[in-house]
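Student: Enclosed is the structure file structure.cif (mmCIF, C-alpha atoms; chains and numbers go by the auth columns).
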data_work
loop_
_atom_site.group_PDB
_atom_site.id
_atom_site.type_symbol
_atom_site.label_atom_id
_atom_site.label_comp_id
_atom_site.label_asym_id
_atom_site.label_seq_id
_atom_site.Cartn_x
_atom_site.Cartn_y
_atom_site.Cartn_z
_atom_site.B_iso_or_equiv
_atom_site.auth_seq_id
_atom_site.auth_asym_id
ATOM 1 C CA MET A 1 11.048 12.023 -15.017 0.00 1 A
ATOM 2 C CA PRO A 2 7.961 14.276 -15.095 0.00 2 A
ATOM 3 C CA GLN A 3 4.976 13.201 -13.026 0.00 3 A
ATOM 4 C CA LEU A 4 3.281 10.397 -14.909 0.00 4 A
ATOM 5 C CA THR A 5 -0.035 8.684 -14.331 0.00 5 A
ATOM 6 C CA LYS A 6 -0.150 5.097 -13.111 0.00 6 A
ATOM 7 C CA PRO A 7 -0.960 3.753 -16.606 0.00 7 A
ATOM 8 C CA GLU A 8 1.947 5.734 -18.063 0.00 8 A
ATOM 9 C CA LEU A 9 4.290 4.492 -15.339 0.00 9 A
ATOM 10 C CA ARG A 10 3.188 0.903 -15.890 0.00 10 A
ATOM 11 C CA LYS A 11 3.924 1.239 -19.612 0.00 11 A
ATOM 12 C CA HIS A 12 7.322 2.786 -18.847 0.00 12 A
ATOM 13 C CA TYR A 13 8.440 0.062 -16.436 0.00 13 A
ATOM 14 C CA LYS A 14 7.039 -2.746 -18.579 0.00 14 A
ATOM 15 C CA GLN A 15 9.171 -1.483 -21.471 0.00 15 A
ATOM 16 C CA ILE A 16 12.264 -1.505 -19.251 0.00 16 A
ATOM 17 C CA ARG A 17 11.603 -5.066 -18.140 0.00 17 A
ATOM 18 C CA LEU A 18 10.854 -6.360 -21.629 0.00 18 A
ATOM 19 C CA ALA A 19 14.131 -4.873 -22.888 0.00 19 A
ATOM 20 C CA ARG A 20 16.263 -6.816 -20.405 0.00 20 A
ATOM 21 C CA THR A 21 18.434 -9.626 -21.746 0.00 21 A
ATOM 22 C CA ALA A 22 18.073 -13.238 -20.675 0.00 22 A
ATOM 23 C CA ASP A 23 21.523 -13.116 -19.022 0.00 23 A
ATOM 24 C CA ASP A 24 20.604 -9.983 -17.083 0.00 24 A
ATOM 25 C CA ILE A 25 17.336 -11.531 -15.915 0.00 25 A
ATOM 26 C CA ALA A 26 19.038 -14.755 -14.792 0.00 26 A
ATOM 27 C CA GLU A 27 21.789 -12.921 -12.894 0.00 27 A
ATOM 28 C CA THR A 28 19.356 -10.499 -11.262 0.00 28 A
ATOM 29 C CA ASP A 29 16.975 -13.255 -10.171 0.00 29 A
ATOM 30 C CA SER A 30 19.856 -15.289 -8.729 0.00 30 A
ATOM 31 C CA ARG A 31 21.255 -12.384 -6.720 0.00 31 A
ATOM 32 C CA ILE A 32 17.810 -11.444 -5.404 0.00 32 A
ATOM 33 C CA CYS A 33 17.182 -15.052 -4.383 0.00 33 A
ATOM 34 C CA GLN A 34 20.480 -15.174 -2.507 0.00 34 A
ATOM 35 C CA SER A 35 19.721 -11.965 -0.614 0.00 35 A
ATOM 36 C CA PHE A 36 16.241 -13.192 0.253 0.00 36 A
ATOM 37 C CA VAL A 37 17.215 -16.605 1.621 0.00 37 A
ATOM 38 C CA GLU A 38 20.063 -15.083 3.642 0.00 38 A
ATOM 39 C CA SER A 39 17.818 -12.402 5.172 0.00 39 A
ATOM 40 C CA SER A 40 16.768 -12.474 8.830 0.00 40 A
ATOM 41 C CA ALA A 41 13.152 -12.259 7.649 0.00 41 A
ATOM 42 C CA TYR A 42 13.419 -15.554 5.778 0.00 42 A
ATOM 43 C CA LEU A 43 15.550 -17.294 8.378 0.00 43 A
ATOM 44 C CA GLY A 44 13.099 -16.339 11.124 0.00 44 A
ATOM 45 C CA GLY A 45 9.925 -16.845 9.135 0.00 45 A
ATOM 46 C CA ARG A 46 7.754 -19.933 8.935 0.00 46 A
ATOM 47 C CA ASP A 47 5.070 -19.186 6.357 0.00 47 A
ATOM 48 C CA ILE A 48 6.584 -17.961 3.091 0.00 48 A
ATOM 49 C CA LEU A 49 3.859 -16.377 0.959 0.00 49 A
ATOM 50 C CA ILE A 50 5.185 -16.057 -2.573 0.00 50 A
ATOM 51 C CA TYR A 51 3.847 -15.396 -6.056 0.00 51 A
ATOM 52 C CA VAL A 52 4.681 -17.736 -8.931 0.00 52 A
ATOM 53 C CA SER A 53 6.508 -15.427 -11.324 0.00 53 A
ATOM 54 C CA GLY A 54 5.319 -14.633 -14.825 0.00 54 A
ATOM 55 C CA GLU A 55 7.212 -13.253 -17.808 0.00 55 A
ATOM 56 C CA ILE A 56 8.150 -9.766 -16.599 0.00 56 A
ATOM 57 C CA GLU A 57 8.085 -10.286 -12.842 0.00 57 A
ATOM 58 C CA ILE A 58 11.220 -10.895 -10.818 0.00 58 A
ATOM 59 C CA GLY A 59 11.670 -14.665 -10.883 0.00 59 A
ATOM 60 C CA THR A 60 10.664 -16.599 -7.782 0.00 60 A
ATOM 61 C CA LYS A 61 11.205 -20.209 -8.847 0.00 61 A
ATOM 62 C CA GLU A 62 14.760 -20.303 -7.468 0.00 62 A
ATOM 63 C CA ILE A 63 13.476 -19.061 -4.116 0.00 63 A
ATOM 64 C CA MET A 64 10.720 -21.675 -4.195 0.00 64 A
ATOM 65 C CA ARG A 65 13.249 -24.457 -4.844 0.00 65 A
ATOM 66 C CA TYR A 66 15.284 -23.246 -1.873 0.00 66 A
ATOM 67 C CA VAL A 67 12.213 -23.336 0.400 0.00 67 A
ATOM 68 C CA PHE A 68 11.306 -26.832 -0.807 0.00 68 A
ATOM 69 C CA ASP A 69 14.871 -27.942 -0.003 0.00 69 A
ATOM 70 C CA ASP A 70 14.680 -26.406 3.479 0.00 70 A
ATOM 71 C CA ILE A 71 11.392 -28.192 4.124 0.00 71 A
ATOM 72 C CA ALA A 72 12.940 -31.481 2.937 0.00 72 A
ATOM 73 C CA LYS A 73 15.746 -30.905 5.458 0.00 73 A
ATOM 74 C CA GLY A 74 13.174 -30.720 8.238 0.00 74 A
ATOM 75 C CA LYS A 75 13.038 -26.956 8.725 0.00 75 A
ATOM 76 C CA ASP A 76 9.769 -25.566 10.059 0.00 76 A
ATOM 77 C CA LYS A 77 8.553 -23.727 6.972 0.00 77 A
ATOM 78 C CA ARG A 78 5.521 -23.742 4.687 0.00 78 A
ATOM 79 C CA LEU A 79 5.417 -22.459 1.128 0.00 79 A
ATOM 80 C CA LEU A 80 2.146 -20.739 0.277 0.00 80 A
ATOM 81 C CA CYS A 81 1.150 -19.465 -3.165 0.00 81 A
ATOM 82 C CA PRO A 82 -1.816 -17.319 -4.211 0.00 82 A
ATOM 83 C CA ARG A 83 -4.904 -18.445 -6.078 0.00 83 A
ATOM 84 C CA CYS A 84 -7.260 -15.774 -7.401 0.00 84 A
ATOM 85 C CA GLU A 85 -11.043 -15.960 -7.211 0.00 85 A
ATOM 86 C CA SER A 86 -12.490 -15.642 -10.699 0.00 86 A
ATOM 87 C CA GLY A 87 -14.223 -12.343 -11.415 0.00 87 A
ATOM 88 C CA THR A 88 -12.971 -10.670 -8.209 0.00 88 A
ATOM 89 C CA ASN A 89 -9.853 -8.967 -6.862 0.00 89 A
ATOM 90 C CA ILE A 90 -9.683 -11.471 -3.997 0.00 90 A
ATOM 91 C CA MET A 91 -6.948 -14.051 -3.607 0.00 91 A
ATOM 92 C CA HIS A 92 -6.204 -16.707 -1.009 0.00 92 A
ATOM 93 C CA PHE A 93 -2.999 -18.601 -0.272 0.00 93 A
ATOM 94 C CA TYR A 94 -2.633 -22.368 -0.516 0.00 94 A
ATOM 95 C CA ARG A 95 0.067 -24.721 0.697 0.00 95 A
ATOM 96 C CA VAL A 96 2.326 -25.954 -2.109 0.00 96 A
ATOM 97 C CA ASP A 97 4.667 -28.890 -1.509 0.00 97 A
ATOM 98 C CA SER A 98 6.186 -29.117 -4.999 0.00 98 A
ATOM 99 C CA PHE A 99 5.936 -27.566 -8.448 0.00 99 A
ATOM 100 C CA ASP A 100 3.561 -30.411 -9.311 0.00 100 A
ATOM 101 C CA ASP A 101 0.971 -28.694 -7.099 0.00 101 A
ATOM 102 C CA LEU A 102 0.724 -25.813 -9.602 0.00 102 A
ATOM 103 C CA GLU A 103 -1.407 -25.391 -12.720 0.00 103 A
ATOM 104 C CA GLU A 104 -1.931 -22.580 -15.207 0.00 104 A
ATOM 105 C CA GLY A 105 -4.656 -20.255 -13.974 0.00 105 A
ATOM 106 C CA HIS A 106 -5.855 -16.698 -14.439 0.00 106 A
ATOM 107 C CA PHE A 107 -3.887 -14.409 -16.770 0.00 107 A
ATOM 108 C CA GLY A 108 -1.687 -17.379 -17.737 0.00 108 A
ATOM 109 C CA ILE A 109 -0.081 -17.374 -14.280 0.00 109 A
ATOM 110 C CA TYR A 110 0.577 -20.634 -12.458 0.00 110 A
ATOM 111 C CA GLU A 111 -1.279 -21.077 -9.185 0.00 111 A
ATOM 112 C CA PRO A 112 -2.066 -23.857 -6.703 0.00 112 A
ATOM 113 C CA LYS A 113 -4.374 -26.616 -7.888 0.00 113 A
ATOM 114 C CA ALA A 114 -7.876 -26.736 -6.463 0.00 114 A
ATOM 115 C CA GLU A 115 -7.029 -29.718 -4.238 0.00 115 A
ATOM 116 C CA CYS A 116 -4.285 -27.805 -2.393 0.00 116 A
ATOM 117 C CA ARG A 117 -5.125 -26.789 1.172 0.00 117 A
ATOM 118 C CA ARG A 118 -6.070 -23.173 1.741 0.00 118 A
ATOM 119 C CA VAL A 119 -4.258 -21.473 4.628 0.00 119 A
ATOM 120 C CA ASP A 120 -5.611 -18.418 6.439 0.00 120 A
ATOM 121 C CA ASP A 121 -3.831 -18.696 9.790 0.00 121 A
ATOM 122 C CA PHE A 122 -0.313 -17.489 9.090 0.00 122 A
ATOM 123 C CA LYS A 123 2.527 -17.745 11.597 0.00 123 A
ATOM 124 C CA ASP A 124 5.680 -15.627 11.307 0.00 124 A
ATOM 125 C CA ALA A 125 4.610 -14.738 7.780 0.00 125 A
ATOM 126 C CA VAL A 126 6.954 -13.373 5.142 0.00 126 A
ATOM 127 C CA CYS A 127 5.068 -12.128 2.081 0.00 127 A
ATOM 128 C CA VAL A 128 6.991 -11.693 -1.166 0.00 128 A
ATOM 129 C CA VAL A 129 5.248 -8.900 -3.051 0.00 129 A
ATOM 130 C CA PRO A 130 5.352 -8.414 -6.837 0.00 130 A
ATOM 131 C CA ALA A 131 5.289 -5.016 -8.533 0.00 131 A
ATOM 132 C CA LEU A 132 6.551 -3.201 -11.605 0.00 132 A
ATOM 133 C CA SER A 133 8.301 -0.613 -9.449 0.00 133 A
ATOM 134 C CA PHE A 134 8.952 0.356 -5.837 0.00 134 A
ATOM 135 C CA ASP A 135 10.154 3.633 -4.369 0.00 135 A
ATOM 136 C CA MET A 136 12.412 4.243 -1.370 0.00 136 A
ATOM 137 C CA LYS A 137 9.415 4.688 0.938 0.00 137 A
ATOM 138 C CA GLY A 138 8.072 1.231 0.172 0.00 138 A
ATOM 139 C CA HIS A 139 5.228 2.266 -2.109 0.00 139 A
ATOM 140 C CA ARG A 140 4.590 -0.101 -5.004 0.00 140 A
ATOM 141 C CA LEU A 141 3.340 0.216 -8.538 0.00 141 A
ATOM 142 C CA GLY A 142 1.388 -2.972 -9.119 0.00 142 A
ATOM 143 C CA PHE A 143 0.065 -4.490 -12.298 0.00 143 A
ATOM 144 C CA GLY A 144 -3.366 -2.909 -11.897 0.00 144 A
ATOM 145 C CA LYS A 145 -5.364 -5.975 -10.847 0.00 145 A
ATOM 146 C CA GLY A 146 -5.674 -4.999 -7.183 0.00 146 A
ATOM 147 C CA PHE A 147 -5.155 -8.458 -5.661 0.00 147 A
ATOM 148 C CA TYR A 148 -2.232 -7.528 -3.421 0.00 148 A
ATOM 149 C CA ASP A 149 -3.669 -4.119 -2.520 0.00 149 A
ATOM 150 C CA ARG A 150 -6.595 -5.864 -0.880 0.00 150 A
ATOM 151 C CA PHE A 151 -4.652 -8.768 0.631 0.00 151 A
ATOM 152 C CA LEU A 152 -1.863 -6.729 2.248 0.00 152 A
ATOM 153 C CA THR A 153 -4.339 -4.558 4.145 0.00 153 A
ATOM 154 C CA ASP A 154 -5.035 -7.316 6.652 0.00 154 A
ATOM 155 C CA LEU A 155 -1.723 -9.192 6.606 0.00 155 A
ATOM 156 C CA GLU A 156 0.378 -9.291 9.747 0.00 156 A
ATOM 157 C CA GLY A 157 3.951 -10.153 8.867 0.00 157 A
ATOM 158 C CA VAL A 158 6.997 -8.967 6.963 0.00 158 A
ATOM 159 C CA LYS A 159 6.358 -7.643 3.465 0.00 159 A
ATOM 160 C CA ILE A 160 9.245 -7.822 0.992 0.00 160 A
ATOM 161 C CA GLY A 161 9.168 -6.417 -2.525 0.00 161 A
ATOM 162 C CA LEU A 162 11.363 -7.798 -5.312 0.00 162 A
ATOM 163 C CA CYS A 163 12.570 -5.398 -8.006 0.00 163 A
ATOM 164 C CA CYS A 164 15.411 -4.876 -10.478 0.00 164 A
ATOM 165 C CA GLU A 165 17.502 -1.740 -9.924 0.00 165 A
ATOM 166 C CA SER A 166 16.448 -0.316 -13.294 0.00 166 A
ATOM 167 C CA CYS A 167 12.819 -0.265 -12.130 0.00 167 A
ATOM 168 C CA MET A 168 13.369 1.381 -8.747 0.00 168 A
ATOM 169 C CA SER A 169 11.727 4.807 -8.756 0.00 169 A
ATOM 170 C CA ASN A 170 13.817 7.773 -7.621 0.00 170 A
ATOM 171 C CA THR A 171 10.624 9.731 -6.940 0.00 171 A
ATOM 172 C CA VAL A 172 7.628 8.846 -4.773 0.00 172 A
ATOM 173 C CA LEU A 173 5.198 6.685 -6.721 0.00 173 A
ATOM 174 C CA PRO A 174 1.502 7.618 -6.909 0.00 174 A
ATOM 175 C CA HIS A 175 -0.319 6.089 -3.963 0.00 175 A
ATOM 176 C CA GLU A 176 -3.455 6.329 -1.878 0.00 176 A
ATOM 177 C CA GLU A 177 -3.648 6.939 1.865 0.00 177 A
ATOM 178 C CA HIS A 178 -4.819 3.359 2.490 0.00 178 A
ATOM 179 C CA ASP A 179 -2.044 1.714 0.442 0.00 179 A
ATOM 180 C CA VAL A 180 0.256 -0.624 2.388 0.00 180 A
ATOM 181 C CA CYS A 181 4.014 -0.100 2.101 0.00 181 A
ATOM 182 C CA VAL A 182 6.481 -2.980 2.074 0.00 182 A
ATOM 183 C CA ASP A 183 9.062 -3.294 4.849 0.00 183 A
ATOM 184 C CA HIS A 184 11.992 -4.117 2.552 0.00 184 A
ATOM 185 C CA VAL A 185 12.823 -4.163 -1.137 0.00 185 A
ATOM 186 C CA ILE A 186 15.405 -6.550 -2.569 0.00 186 A
ATOM 187 C CA THR A 187 17.217 -5.754 -5.810 0.00 187 A
ATOM 188 C CA GLU A 188 20.280 -7.324 -7.393 0.00 188 A
ATOM 189 C CA LYS A 189 22.351 -4.942 -5.225 0.00 189 A
ATOM 190 C CA GLY A 190 20.905 -6.252 -1.975 0.00 190 A
ATOM 191 C CA MET A 191 18.200 -5.472 0.551 0.00 191 A
ATOM 192 C CA ILE A 192 16.813 -1.988 1.090 0.00 192 A
ATOM 193 C CA ASN A 193 15.299 -1.447 4.531 0.00 193 A
ATOM 194 C CA ILE A 194 12.349 0.932 4.389 0.00 194 A
ATOM 195 C CA PRO A 195 12.427 3.506 7.211 0.00 195 A
ATOM 196 C CA HIS A 196 9.863 2.656 9.872 0.00 196 A
ATOM 197 C CA THR A 197 6.882 4.951 10.317 0.00 197 A
ATOM 198 C CA GLU A 198 4.070 4.754 12.839 0.00 198 A
ATOM 199 C CA ASP A 199 1.616 4.070 10.046 0.00 199 A
ATOM 200 C CA LYS A 200 3.258 2.099 7.232 0.00 200 A
ATOM 201 C CA ARG A 201 0.049 2.321 5.192 0.00 201 A
ATOM 202 C CA LYS A 202 0.480 6.051 4.718 0.00 202 A
ATOM 203 C CA GLY A 203 4.134 5.711 3.847 0.00 203 A
#
Would you kindly transcribe this structure into structure tokens?

Tutor:
Amino acid sequence: MPQLTKPELRKHYKQIRLARTADDIAETDSRICQSFVESSAYLGGRDILIYVSGEIEIGTKEIMRYVFDDIAKGKDKRLLCPRCESGTNIMHFYRVDSFDDLEEGHFGIYEPKAECRRVDDFKDAVCVVPALSFDMKGHRLGFGKGFYDRFLTDLEGVKIGLCCESCMSNTVLPHEEHDVCVDHVITEKGMINIPHTEDKRKG
């Protein structure tokens, strides 16, 4: 693929995702969930920071159900979901104990209700990161809102991207020097470990 701009790449990967069948989406989401919950990152993590998936994102509801079940079994975990501040590119994470704690928010995406407790002190955090595409160096092509770009800059913890194989980039995605790379990417084929560098932000 010739070098495309970020808007062109977003259009390209959105078209790929919108063309996927319901069966393909369900199978992909299920396999990604299985790889995630079996990973050492999840098993060793306490605070699971996870987006509530929209139409073209990799589905996270199966993962969320699994975390709720683990919590019900007495495992030391917390499920935290993002809530965006209106008119800004700032988001904070709130503790969610069931799907009833969610309501439709910005951009038609479900987010924690206002009465949920905000959490800023993460312990053994595992952040599930959305994107339209990832490359093999851990760079991500986001949706253009900038929420995760800002949040990941200060997050200490494991960062895991979720992506379908058809949207993995075989070339390095456009990125800035300050962009934060993920540590792993999970597709329906399993987990991809991103090679460690001294400065993961520079990829």

Student: I need the residue set behind the PyMOL selection byres ((chain A and resi 76) around 12) for this file; please write it as JSON, numbers by chain.

Tutor: {"A": [42, 43, 44, 45, 46, 47, 48, 67, 68, 69, 70, 71, 72, 73, 74, 75, 77, 78, 79, 123, 124]}

Student: Which centre and which edge lengths, in Å to one decimal, describe the axis-aligned box that holds all listed atoms of stretch 35-50 of chain A after 8 Å is added on each side, as AutoDock Vina command-line options?

Tutor:
--center_x 12.0 --center_y -15.9 --center_z 4.3 --size_x 32.2 --size_y 24.0 --size_z 29.7

Student: Would you give me, as CSV, each residue of stretch 81-192 of chain A having an atom within 12 Å of an atom of stretch 8-30 of chain A, along with its shortest atom pair and that distance in Å to one decimal, using only C-alpha atoms and sorting by chain and residue number?

Tutor:
residue,atom,partner,partner_atom,distance
A:Ala131,CA,A:Arg10,CA,9.7
A:Leu132,CA,A:Tyr13,CA,6.1
A:Ser133,CA,A:Tyr13,CA,7.0
A:Phe134,CA,A:Tyr13,CA,10.6
A:Arg140,CA,A:Arg10,CA,11.0
A:Leu141,CA,A:Arg10,CA,7.4
A:Gly142,CA,A:Arg10,CA,8.0
A:Phe143,CA,A:Arg10,CA,7.2
A:Gly144,CA,A:Arg10,CA,8.6
A:Leu162,CA,A:Asp29,CA,9.2
A:Cys163,CA,A:Thr28,CA,9.1
A:Cys164,CA,A:Thr28,CA,6.9
A:Glu165,CA,A:Thr28,CA,9.1
A:Ser166,CA,A:Ile16,CA,7.4
A:Cys167,CA,A:Tyr13,CA,6.2
A:Met168,CA,A:Tyr13,CA,9.2
A:Ser169,CA,A:Tyr13,CA,9.6
A:Thr171,CA,A:Leu9,CA,11.8
A:Val172,CA,A:Leu9,CA,11.9
A:Leu173,CA,A:Leu9,CA,8.9
A:Pro174,CA,A:Leu9,CA,9.4
A:Ile186,CA,A:Asp29,CA,10.3
A:Thr187,CA,A:Thr28,CA,7.5
A:Glu188,CA,A:Thr28,CA,5.1
A:Lys189,CA,A:Thr28,CA,8.7
A:Gly190,CA,A:Thr28,CA,10.3

Student: Taking the file as shown, what set of residues would the PyMOL selection byres ((chain A and resi 91) around 9) give back, as a ChimeraX atom specification?

Tutor: /A:82-85,88-90,92-93,147-148,150-151

Student: Which residues, written as a list in words, have at least one atom at most 9 Å from A:Ala41, with all atoms listed in the file counted and residues fewer than 4 positions away on the same chain left out?

Tutor: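 Counting only the stated atoms, we get Phe36, Val37, Gly45, Asp124, Ala125, Val126, Val158 and Ile160 of chain A.
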
Student: Quick one, how far is atom CA of A:Ser39 from atom CA of A:Met191?

Tutor: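 Between these atoms lies a distance of 8.3 Å.
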
Student: From the set A:Met64, A:Leu80, A:Ile192, A:Met136, which residue has the shortest atom-to-atom contact distance to A:Phe99, counting all atoms listed in the file?

Tutor: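 Between A:Met64, A:Leu80, A:Ile192, A:Met136, the residue approaching A:Phe99 most closely is A:Met64.
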
Student: Which is closer to A:Val185 than all the others in A:Arg118, A:His139, A:Arg65, A:Lys113, using only C-alpha atoms?

Tutor: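 Of the candidates, the smallest distance to A:Val185 is held by A:His139.
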
Student: So that I can check the surroundings of A:Pro112, please list as number ranges by chain every protein, DNA and RNA residue that reaches within 8 Å of it, counting all atoms listed in the file and ignoring chain neighbours fewer than 6 positions away.

Tutor: A: 81-83, 94-96, 101-103

Student: Tell me which of A:Gly105, A:Pro195, A:Gly59, A:Gly157 sits closest to A:Gly138, counting all atoms listed in the file.

Tutor: A:Pro195

Student: Using all atoms listed in the file, which of A:Leu4, A:Cys33, A:Val180, A:Val128 sits nearest A:Glu62?

Tutor: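 Among the listed residues, the smallest separation from A:Glu62 belongs to A:Cys33.
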
Student: Distance atom CA of A:Asp154-atom CA of A:Val182, one decimal place?

Tutor: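 Computed distance, atom CA of A:Asp154 to atom CA of A:Val182, equals 13.1 Å.
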